[in-house]
Number of protein chains: 2
Amino acid sequence: MSPRRAVVLLSGGLDSSTCLLVARRDGCEVHALSFDYGQRHAVELERARALVERVGAAAHRIIRIDVPGPSASALTDRSVPVPRDQLGQDAIPITYVPARNTLFLAHAVAWGETLGAPDIYIGANALDYSGYPDCRPEFLEAFERAANLGTKAGVEGRLAFRIRAPLLRLTKAEIVALAAGLGLDFRLTSSCYDPRPDGRPCGGCDACLLREKGFREAGIEDPLLKY
Amino acid sequence: MSPRRAVVLLSGGLDSSTCLLVARRDGCEVHALSFDYGQRHAVELERARALVERVGAAAHRIIRIDVPGPSASALTDRSVPVPRDQLGQDAIPITYVPARNTLFLAHAVAWGETLGAPDIYIGANALDYSGYPDCRPEFLEAFERAANLGTKAGVEGRLAFRIRAPLLRLTKAEIVALAAGLGLDFRLTSSCYDPRPDGRPCGGCDACLLREKGFREAGIEDPLLKY
């Protein structure tokens with residue numbers, strides 16, 4: 001019997017890289033999907049490529065997405081500074097990219113339907129996260145429903161799409177521990193929203209602060225901070 | 001008071017062109033959105049441009065979408081012939097493009113959020129249509145729900161996205177009559193899936209057959225058939 005196919009959304013960050021290893025552990029044939037949407041932290045994509053090269057995948061596509069401009073997101077608009085030391089505020093941060101996971105999941109479902117891959121893995125996390133609405137379980141459930149109603153394979157019952165978010169209810173420390181257990185080489189990930197020209201993390205953005213907290217609480221040293 | 005903004009999905013076909021005029025009649029400031037997804041009927045995009053030039057819009061974006069290949073759709077894969085004279089069969093036809101409206105709507109919501117445009121117009125029709133699952137009301141409702149849960153503007157209550165499908169329950173004849181009443185120049189539309197090199201319709205694909213039926217029942221002459 002051939003293995004179950006899965007599309008794994010792979011940003012090159014810690015969470016999605018862990019997710020890729022979870023999909024492999026689950027026995028899936030992994031088809032990795034990354035996006036170039038003009039993000040200022042494009043070093044992510046280099047790490048995504050390197051990770052796939054290291055651990056292997058049936059395929060890896062990097063899709064260019066044309067996001068509407070000005071998006072007024074600090075992740076894509078270089079005139080908007082990435083905020084520092086603002087973690088834990090209630091508002092959805094300025095690093096939010098309009099409908100990003102909706103776009104990513106739409107592409108994943110399109111590819112999944114073509115491949116015959118019912119499982120779509122996404123590294124969404126609703127615990128130690130930046131507060132993005134498109135990382136919450138209620139959104140993922142609603143999207144899964146739409147995917148099954150809006151595809152030929154879903155309607156004909158050949159595929160039952162499942163949006164799998166295995167990290168959804170883990171703390172960042174638990175994600176770090178899980179990744180370590182699965183043998184993830186953390187040097188092949190990048191979390192920072194605003195990396196230095198040489199790719200090293202800034203240390204102050206939400207993503208850096210969350211990553212630092214996760215490693216600290218897991219009692220594991222982050223190799224990215226060694227250099 | 002400034003007019004309500006709307007994103008209108010404009011393929012350049014009869015239905016979406018009618019939809020654009022409906023959005024204008026509804027008093028919306030229209031932002032038209034078209035897609036280049038490698039469709040063999042790219043003459044649609046020329047017509048979409050010409051229509052926007054004729055009737056005006058606040059903006060018109062044409063986004064390139066990278067659909068997974070081989071998609072096994074006759075609309076994007078030139079090795080798959082477009083079927084002729086098959087209208088009315090039960091199965092979802094080979095011209096189905098995986099998750100196409102999911103991708104289109106995802107882009108529309110991303111742009112709508114950026115613009116502050118709550119209304120997304122789509123020319124979906126569930127009566128005289130090809131049987132695509134992503135034209136059915138249950139899909140559109142599910143997607144609307146996902147859009148409101150997965151966007152900052154939706155969650156914060158600043159925008160309540162509405163997927164508006166004003167043609168959903170009209171026959172093709174009713175669409176033709178509506179379009180005529182709104183002054184649509186039918187020469188600026190193209191419905192054929194497999195047009196001749198000069199852009200003229202093939203006359204035999206599902207889309208041509210549906211269009212022909214609609215004009216005939218509406219008692220209106222299709223100017224595209226005059227040449």
# chains A, B, ... in the order shown; residues from 1 in each chain; ligands from 1
>>> residues_around(residues="Leu182 in chain B", least_positions_apart="4", cutoff="9 Å", atoms="only C-alpha atoms", output="NGL selection string")
:B and (18 or 21-22 or 25 or 177-178)
>>> interface_residues(of="chain B", to="chain A", cutoff="8 Å", atoms="only C-alpha atoms", output="number ranges by chain")
B: 63-72, 92, 96, 98-103, 106-107, 109-111, 113-114, 132-136, 138-140, 142-143, 145-147, 149-152, 155
>>> residues_around(residues="Leu210 in chain B", least_positions_apart="5", cutoff="9 Å", atoms="only C-alpha atoms", output="PyMOL selection string")
chain B and resi 87+128-130+172+205+215
>>> write_last_selection(atoms="C-alpha atoms", output="PDB file, in the first residue's frame")
ATOM      1  CA  LEU B  87     -23.754  19.543 -21.278  1.00  0.00           C
ATOM      2  CA  ASP B 128     -27.516  26.873 -15.768  1.00  0.00           C
ATOM      3  CA  TYR B 129     -23.938  25.993 -14.940  1.00  0.00           C
ATOM      4  CA  SER B 130     -21.354  23.330 -15.559  1.00  0.00           C
ATOM      5  CA  LYS B 172     -28.733  31.864 -18.161  1.00  0.00           C
ATOM      6  CA  CYS B 205     -18.023  23.435 -25.340  1.00  0.00           C
ATOM      7  CA  PHE B 215     -29.406  34.125 -25.506  1.00  0.00           C
TER       8      PHE B 215
END
>>> calpha_fit_and_write(fixed="chain B", moving="chain A", output="mmCIF file with C-alpha atoms, in the first residue's frame")
data_model
loop_
_atom_site.group_PDB
_atom_site.id
_atom_site.type_symbol
_atom_site.label_atom_id
_atom_site.label_comp_id
_atom_site.auth_asym_id
_atom_site.auth_seq_id
_atom_site.Cartn_x
_atom_site.Cartn_y
_atom_site.Cartn_z
ATOM 1 C CA MET A 1 -20.321 59.612 2.424
ATOM 2 C CA SER A 2 -17.955 57.636 0.279
ATOM 3 C CA PRO A 3 -19.453 54.697 -1.582
ATOM 4 C CA ARG A 4 -19.201 51.168 -0.251
ATOM 5 C CA ARG A 5 -16.237 49.358 -1.723
ATOM 6 C CA ALA A 6 -16.502 45.994 -3.421
ATOM 7 C CA VAL A 7 -14.083 43.537 -4.943
ATOM 8 C CA VAL A 8 -15.566 41.998 -8.088
ATOM 9 C CA LEU A 9 -14.125 38.768 -9.441
ATOM 10 C CA LEU A 10 -13.992 39.425 -13.160
ATOM 11 C CA SER A 11 -13.063 36.551 -15.455
ATOM 12 C CA GLY A 12 -14.169 38.328 -18.591
ATOM 13 C CA GLY A 13 -17.012 35.878 -19.068
ATOM 14 C CA LEU A 14 -20.668 36.768 -19.390
ATOM 15 C CA ASP A 15 -21.552 36.094 -15.757
ATOM 16 C CA SER A 16 -18.735 37.979 -14.050
ATOM 17 C CA SER A 17 -19.110 40.909 -16.460
ATOM 18 C CA THR A 18 -22.793 41.091 -15.556
ATOM 19 C CA CYS A 19 -21.805 40.886 -11.910
ATOM 20 C CA LEU A 20 -19.559 43.909 -12.307
ATOM 21 C CA LEU A 21 -22.459 45.935 -13.640
ATOM 22 C CA VAL A 22 -24.685 44.706 -10.786
ATOM 23 C CA ALA A 23 -22.080 45.883 -8.258
ATOM 24 C CA ARG A 24 -22.068 49.304 -9.894
ATOM 25 C CA ARG A 25 -25.848 49.380 -9.932
ATOM 26 C CA ASP A 26 -25.731 48.536 -6.210
ATOM 27 C CA GLY A 27 -23.755 51.751 -5.753
ATOM 28 C CA CYS A 28 -20.406 50.139 -5.015
ATOM 29 C CA GLU A 29 -16.986 51.515 -5.789
ATOM 30 C CA VAL A 30 -15.747 48.589 -7.884
ATOM 31 C CA HIS A 31 -12.298 47.028 -7.578
ATOM 32 C CA ALA A 32 -12.059 44.396 -10.294
ATOM 33 C CA LEU A 33 -9.888 41.317 -9.833
ATOM 34 C CA SER A 34 -8.891 38.973 -12.647
ATOM 35 C CA PHE A 35 -6.586 35.965 -12.729
ATOM 36 C CA ASP A 36 -4.089 34.588 -15.145
ATOM 37 C CA TYR A 37 -3.868 30.929 -14.162
ATOM 38 C CA GLY A 38 -2.630 29.608 -17.475
ATOM 39 C CA GLN A 39 -6.134 29.170 -18.858
ATOM 40 C CA ARG A 40 -6.271 28.320 -22.540
ATOM 41 C CA HIS A 41 -9.056 30.854 -22.978
ATOM 42 C CA ALA A 42 -6.841 33.806 -22.107
ATOM 43 C CA VAL A 43 -8.892 35.933 -24.486
ATOM 44 C CA GLU A 44 -11.115 36.325 -21.402
ATOM 45 C CA LEU A 45 -8.496 38.578 -19.853
ATOM 46 C CA GLU A 46 -8.413 40.832 -22.908
ATOM 47 C CA ARG A 47 -12.180 41.174 -22.674
ATOM 48 C CA ALA A 48 -11.961 41.860 -18.923
ATOM 49 C CA ARG A 49 -9.491 44.670 -19.595
ATOM 50 C CA ALA A 50 -11.665 46.068 -22.366
ATOM 51 C CA LEU A 51 -14.789 45.977 -20.221
ATOM 52 C CA VAL A 52 -13.094 47.808 -17.359
ATOM 53 C CA GLU A 53 -11.770 50.359 -19.800
ATOM 54 C CA ARG A 54 -15.274 50.873 -21.182
ATOM 55 C CA VAL A 55 -17.299 51.059 -17.978
ATOM 56 C CA GLY A 56 -14.635 52.182 -15.507
ATOM 57 C CA ALA A 57 -13.540 50.870 -12.119
ATOM 58 C CA ALA A 58 -11.582 52.258 -9.194
ATOM 59 C CA ALA A 59 -8.909 49.647 -9.906
ATOM 60 C CA HIS A 60 -8.288 46.485 -11.888
ATOM 61 C CA ARG A 61 -5.681 43.938 -10.824
ATOM 62 C CA ILE A 62 -4.733 40.874 -12.821
ATOM 63 C CA ILE A 63 -3.005 38.354 -10.580
ATOM 64 C CA ARG A 64 -0.921 35.487 -11.821
ATOM 65 C CA ILE A 65 -1.809 32.272 -9.977
ATOM 66 C CA ASP A 66 0.488 29.325 -10.056
ATOM 67 C CA VAL A 67 -1.851 26.317 -10.237
ATOM 68 C CA PRO A 68 -0.330 22.930 -9.515
ATOM 69 C CA GLY A 69 0.510 20.947 -12.597
ATOM 70 C CA PRO A 70 -0.505 18.650 -14.055
ATOM 71 C CA SER A 71 -3.901 19.827 -12.953
ATOM 72 C CA ALA A 72 -5.653 17.409 -15.263
ATOM 73 C CA SER A 73 -8.083 20.167 -16.133
ATOM 74 C CA ALA A 74 -8.952 20.715 -19.750
ATOM 75 C CA LEU A 75 -8.891 24.464 -19.052
ATOM 76 C CA THR A 76 -5.215 24.596 -18.169
ATOM 77 C CA ASP A 77 -3.666 21.441 -19.609
ATOM 78 C CA ARG A 78 -3.464 21.665 -23.374
ATOM 79 C CA SER A 79 -3.023 17.899 -23.669
ATOM 80 C CA VAL A 80 -6.563 17.373 -22.312
ATOM 81 C CA PRO A 81 -9.166 18.178 -24.961
ATOM 82 C CA VAL A 82 -12.125 20.367 -24.041
ATOM 83 C CA PRO A 83 -15.208 18.127 -24.312
ATOM 84 C CA ARG A 84 -17.918 19.088 -26.759
ATOM 85 C CA ASP A 85 -21.653 18.538 -26.586
ATOM 86 C CA GLN A 86 -21.593 17.036 -23.098
ATOM 87 C CA LEU A 87 -23.777 19.501 -21.297
ATOM 88 C CA GLY A 88 -26.258 18.025 -18.851
ATOM 89 C CA GLN A 89 -24.227 15.010 -17.822
ATOM 90 C CA ASP A 90 -24.205 14.403 -14.121
ATOM 91 C CA ALA A 91 -20.480 14.282 -13.432
ATOM 92 C CA ILE A 92 -18.349 17.309 -12.619
ATOM 93 C CA PRO A 93 -16.687 18.010 -15.977
ATOM 94 C CA ILE A 94 -13.011 17.746 -16.889
ATOM 95 C CA THR A 95 -12.927 21.527 -17.255
ATOM 96 C CA TYR A 96 -13.034 21.743 -13.439
ATOM 97 C CA VAL A 97 -9.900 23.481 -12.081
ATOM 98 C CA PRO A 98 -8.924 22.297 -8.579
ATOM 99 C CA ALA A 99 -10.107 24.710 -5.893
ATOM 100 C CA ARG A 100 -10.282 27.565 -8.385
ATOM 101 C CA ASN A 101 -12.937 29.631 -6.660
ATOM 102 C CA THR A 102 -11.295 28.955 -3.292
ATOM 103 C CA LEU A 103 -8.119 30.525 -4.665
ATOM 104 C CA PHE A 104 -9.976 33.394 -6.336
ATOM 105 C CA LEU A 105 -12.002 34.185 -3.216
ATOM 106 C CA ALA A 106 -8.914 33.978 -0.987
ATOM 107 C CA HIS A 107 -7.238 36.650 -3.102
ATOM 108 C CA ALA A 108 -10.433 38.714 -3.146
ATOM 109 C CA VAL A 109 -10.695 38.630 0.641
ATOM 110 C CA ALA A 110 -7.025 39.551 1.049
ATOM 111 C CA TRP A 111 -7.507 42.539 -1.233
ATOM 112 C CA GLY A 112 -10.879 43.380 0.297
ATOM 113 C CA GLU A 113 -9.345 43.488 3.754
ATOM 114 C CA THR A 114 -6.607 45.814 2.533
ATOM 115 C CA LEU A 115 -9.100 48.082 0.781
ATOM 116 C CA GLY A 116 -11.752 48.013 3.461
ATOM 117 C CA ALA A 117 -14.135 46.382 0.998
ATOM 118 C CA PRO A 118 -16.605 44.047 2.717
ATOM 119 C CA ASP A 119 -18.447 42.934 -0.405
ATOM 120 C CA ILE A 120 -16.949 40.282 -2.664
ATOM 121 C CA TYR A 121 -18.956 39.826 -5.856
ATOM 122 C CA ILE A 122 -18.718 36.541 -7.705
ATOM 123 C CA GLY A 123 -20.656 35.538 -10.800
ATOM 124 C CA ALA A 124 -21.284 32.016 -9.513
ATOM 125 C CA ASN A 125 -24.419 30.418 -10.834
ATOM 126 C CA ALA A 126 -25.924 27.155 -9.630
ATOM 127 C CA LEU A 127 -28.702 26.758 -12.174
ATOM 128 C CA ASP A 128 -27.522 26.853 -15.785
ATOM 129 C CA TYR A 129 -23.945 25.974 -14.951
ATOM 130 C CA SER A 130 -21.350 23.316 -15.560
ATOM 131 C CA GLY A 131 -21.754 21.554 -12.229
ATOM 132 C CA TYR A 132 -18.660 22.889 -10.508
ATOM 133 C CA PRO A 133 -18.812 22.318 -6.734
ATOM 134 C CA ASP A 134 -17.303 25.733 -6.010
ATOM 135 C CA CYS A 135 -20.273 27.530 -7.578
ATOM 136 C CA ARG A 136 -22.807 26.151 -5.098
ATOM 137 C CA PRO A 137 -24.361 28.232 -2.313
ATOM 138 C CA GLU A 138 -23.191 25.862 0.432
ATOM 139 C CA PHE A 139 -19.574 26.395 -0.599
ATOM 140 C CA LEU A 140 -19.939 30.169 -0.820
ATOM 141 C CA GLU A 141 -21.535 30.292 2.632
ATOM 142 C CA ALA A 142 -18.782 28.145 4.139
ATOM 143 C CA PHE A 143 -16.108 30.311 2.559
ATOM 144 C CA GLU A 144 -17.742 33.504 3.805
ATOM 145 C CA ARG A 145 -17.687 32.100 7.315
ATOM 146 C CA ALA A 146 -14.000 31.187 7.010
ATOM 147 C CA ALA A 147 -13.207 34.662 5.659
ATOM 148 C CA ASN A 148 -14.779 36.358 8.636
ATOM 149 C CA LEU A 149 -13.043 34.071 11.125
ATOM 150 C CA GLY A 150 -9.634 34.250 9.462
ATOM 151 C CA THR A 151 -9.143 37.974 8.940
ATOM 152 C CA LYS A 152 -8.227 40.737 11.328
ATOM 153 C CA ALA A 153 -10.949 43.017 9.965
ATOM 154 C CA GLY A 154 -13.521 40.242 10.285
ATOM 155 C CA VAL A 155 -12.583 39.272 13.825
ATOM 156 C CA GLU A 156 -12.345 42.877 15.008
ATOM 157 C CA GLY A 157 -15.752 43.564 13.509
ATOM 158 C CA ARG A 158 -14.519 46.346 11.219
ATOM 159 C CA LEU A 159 -15.614 44.446 8.119
ATOM 160 C CA ALA A 160 -18.292 41.808 7.775
ATOM 161 C CA PHE A 161 -17.336 40.058 4.589
ATOM 162 C CA ARG A 162 -20.221 39.117 2.361
ATOM 163 C CA ILE A 163 -19.757 36.842 -0.603
ATOM 164 C CA ARG A 164 -22.311 38.251 -2.992
ATOM 165 C CA ALA A 165 -23.454 35.994 -5.799
ATOM 166 C CA PRO A 166 -26.324 37.913 -7.370
ATOM 167 C CA LEU A 167 -26.619 35.485 -10.288
ATOM 168 C CA LEU A 168 -26.680 32.357 -8.137
ATOM 169 C CA ARG A 169 -30.285 31.405 -8.768
ATOM 170 C CA LEU A 170 -30.849 32.952 -12.184
ATOM 171 C CA THR A 171 -31.160 31.003 -15.397
ATOM 172 C CA LYS A 172 -28.724 31.870 -18.156
ATOM 173 C CA ALA A 173 -31.594 33.573 -19.989
ATOM 174 C CA GLU A 174 -32.306 35.717 -16.940
ATOM 175 C CA ILE A 175 -28.625 36.630 -16.737
ATOM 176 C CA VAL A 176 -28.603 37.659 -20.395
ATOM 177 C CA ALA A 177 -31.723 39.772 -19.860
ATOM 178 C CA LEU A 178 -30.281 41.369 -16.710
ATOM 179 C CA ALA A 179 -27.022 42.161 -18.507
ATOM 180 C CA ALA A 180 -28.876 43.654 -21.456
ATOM 181 C CA GLY A 181 -30.897 45.816 -19.074
ATOM 182 C CA LEU A 182 -27.683 47.057 -17.461
ATOM 183 C CA GLY A 183 -26.265 47.945 -20.866
ATOM 184 C CA LEU A 184 -23.543 45.302 -21.068
ATOM 185 C CA ASP A 185 -21.802 45.284 -24.431
ATOM 186 C CA PHE A 186 -21.718 41.517 -24.995
ATOM 187 C CA ARG A 187 -18.853 41.874 -27.447
ATOM 188 C CA LEU A 188 -16.651 42.671 -24.439
ATOM 189 C CA THR A 189 -17.265 39.227 -22.926
ATOM 190 C CA SER A 190 -16.026 35.772 -23.809
ATOM 191 C CA SER A 191 -17.505 32.531 -22.521
ATOM 192 C CA CYS A 192 -15.808 29.858 -24.650
ATOM 193 C CA TYR A 193 -13.405 27.410 -22.993
ATOM 194 C CA ASP A 194 -11.548 26.705 -26.195
ATOM 195 C CA PRO A 195 -11.658 29.765 -28.428
ATOM 196 C CA ARG A 196 -10.193 29.885 -31.928
ATOM 197 C CA PRO A 197 -6.891 31.701 -32.404
ATOM 198 C CA ASP A 198 -8.761 34.885 -33.354
ATOM 199 C CA GLY A 199 -10.809 34.712 -30.118
ATOM 200 C CA ARG A 200 -14.080 33.553 -31.690
ATOM 201 C CA PRO A 201 -16.042 30.914 -29.727
ATOM 202 C CA CYS A 202 -15.808 27.218 -30.641
ATOM 203 C CA GLY A 203 -19.575 26.774 -30.396
ATOM 204 C CA GLY A 204 -19.443 23.300 -28.876
ATOM 205 C CA CYS A 205 -18.018 23.441 -25.350
ATOM 206 C CA ASP A 206 -20.255 23.544 -22.266
ATOM 207 C CA ALA A 207 -19.747 27.271 -21.898
ATOM 208 C CA CYS A 208 -20.704 27.978 -25.522
ATOM 209 C CA LEU A 209 -23.780 25.747 -25.279
ATOM 210 C CA LEU A 210 -24.946 27.419 -22.071
ATOM 211 C CA ARG A 211 -24.411 30.873 -23.547
ATOM 212 C CA GLU A 212 -26.244 29.986 -26.729
ATOM 213 C CA LYS A 213 -29.189 28.584 -24.735
ATOM 214 C CA GLY A 214 -29.313 31.727 -22.590
ATOM 215 C CA PHE A 215 -29.402 34.140 -25.512
ATOM 216 C CA ARG A 216 -31.923 32.008 -27.368
ATOM 217 C CA GLU A 217 -34.296 31.794 -24.415
ATOM 218 C CA ALA A 218 -33.890 35.513 -23.702
ATOM 219 C CA GLY A 219 -34.723 36.303 -27.312
ATOM 220 C CA ILE A 220 -31.568 38.334 -27.714
ATOM 221 C CA GLU A 221 -28.980 37.948 -30.439
ATOM 222 C CA ASP A 222 -25.419 37.240 -29.276
ATOM 223 C CA PRO A 223 -23.182 39.678 -31.143
ATOM 224 C CA LEU A 224 -20.239 37.265 -30.776
ATOM 225 C CA LEU A 225 -21.944 34.906 -33.223
ATOM 226 C CA LYS A 226 -22.334 37.530 -35.925
ATOM 227 C CA TYR A 227 -18.799 37.380 -37.177
#
>>> select_by_dssp(residues="chain B", states="helix (DSSP H, G or I)", output="compact mmCIF listing (two decimals) with C-alpha atoms, in the first residue's frame")
# COMPACT_ATOMS: atom_id res chain seq x y z
CA LEU B 14 -20.66 36.77 -19.39
CA ASP B 15 -21.56 36.09 -15.76
CA SER B 16 -18.74 37.98 -14.06
CA SER B 17 -19.12 40.91 -16.47
CA THR B 18 -22.80 41.10 -15.56
CA CYS B 19 -21.80 40.89 -11.92
CA LEU B 20 -19.56 43.92 -12.31
CA LEU B 21 -22.46 45.94 -13.65
CA VAL B 22 -24.68 44.71 -10.80
CA ALA B 23 -22.09 45.87 -8.27
CA ARG B 24 -22.06 49.30 -9.91
CA ARG B 25 -25.86 49.40 -9.93
CA VAL B 43 -8.89 35.96 -24.48
CA GLU B 44 -11.11 36.33 -21.39
CA LEU B 45 -8.48 38.58 -19.85
CA GLU B 46 -8.40 40.83 -22.91
CA ARG B 47 -12.17 41.18 -22.68
CA ALA B 48 -11.96 41.86 -18.93
CA ARG B 49 -9.49 44.67 -19.60
CA ALA B 50 -11.65 46.07 -22.37
CA LEU B 51 -14.78 45.98 -20.22
CA VAL B 52 -13.09 47.80 -17.35
CA GLU B 53 -11.77 50.36 -19.81
CA ARG B 54 -15.26 50.88 -21.19
CA VAL B 55 -17.28 51.06 -17.98
CA ARG B 100 -10.30 27.57 -8.41
CA ASN B 101 -12.95 29.63 -6.66
CA THR B 102 -11.30 28.95 -3.31
CA LEU B 103 -8.11 30.52 -4.69
CA PHE B 104 -9.98 33.39 -6.35
CA LEU B 105 -12.00 34.17 -3.23
CA ALA B 106 -8.92 33.97 -1.01
CA HIS B 107 -7.25 36.64 -3.13
CA ALA B 108 -10.44 38.71 -3.16
CA VAL B 109 -10.70 38.62 0.63
CA ALA B 110 -7.03 39.53 1.02
CA TRP B 111 -7.50 42.52 -1.24
CA GLY B 112 -10.87 43.37 0.29
CA GLU B 113 -9.35 43.48 3.74
CA THR B 114 -6.61 45.80 2.53
CA LEU B 115 -9.10 48.08 0.77
CA PRO B 133 -18.83 22.33 -6.77
CA ASP B 134 -17.32 25.73 -6.02
CA CYS B 135 -20.29 27.53 -7.59
CA PRO B 137 -24.36 28.24 -2.32
CA GLU B 138 -23.19 25.87 0.42
CA PHE B 139 -19.58 26.40 -0.62
CA LEU B 140 -19.95 30.17 -0.84
CA GLU B 141 -21.54 30.29 2.63
CA ALA B 142 -18.78 28.14 4.11
CA PHE B 143 -16.11 30.30 2.53
CA GLU B 144 -17.75 33.50 3.80
CA ARG B 145 -17.68 32.10 7.30
CA ALA B 146 -14.00 31.18 7.00
CA ALA B 147 -13.21 34.66 5.64
CA ASN B 148 -14.79 36.35 8.62
CA LEU B 149 -13.04 34.06 11.10
CA LYS B 152 -8.22 40.73 11.32
CA ALA B 153 -10.95 43.00 9.96
CA GLY B 154 -13.52 40.24 10.27
CA VAL B 155 -12.58 39.27 13.82
CA LYS B 172 -28.73 31.86 -18.16
CA ALA B 173 -31.59 33.57 -19.98
CA GLU B 174 -32.30 35.72 -16.93
CA ILE B 175 -28.62 36.63 -16.73
CA VAL B 176 -28.60 37.65 -20.39
CA ALA B 177 -31.71 39.78 -19.85
CA LEU B 178 -30.27 41.36 -16.71
CA ALA B 179 -27.03 42.15 -18.50
CA ALA B 180 -28.87 43.65 -21.45
CA GLY B 181 -30.88 45.81 -19.07
CA PHE B 186 -21.72 41.52 -24.99
CA ARG B 187 -18.84 41.86 -27.44
CA LEU B 188 -16.65 42.66 -24.43
CA ASP B 206 -20.27 23.54 -22.26
CA ALA B 207 -19.76 27.26 -21.90
CA CYS B 208 -20.71 27.97 -25.51
CA LEU B 209 -23.78 25.75 -25.26
CA LEU B 210 -24.95 27.42 -22.06
CA ARG B 211 -24.40 30.86 -23.53
CA GLU B 212 -26.27 29.97 -26.71
CA LYS B 213 -29.19 28.58 -24.70
CA GLY B 214 -29.31 31.72 -22.57
CA PHE B 215 -29.41 34.13 -25.51
CA ARG B 216 -31.93 32.00 -27.36
CA GLU B 217 -34.29 31.79 -24.38
CA ALA B 218 -33.90 35.50 -23.68
CA PRO B 223 -23.20 39.65 -31.15
CA LEU B 224 -20.26 37.24 -30.76
CA LEU B 225 -21.96 34.89 -33.21
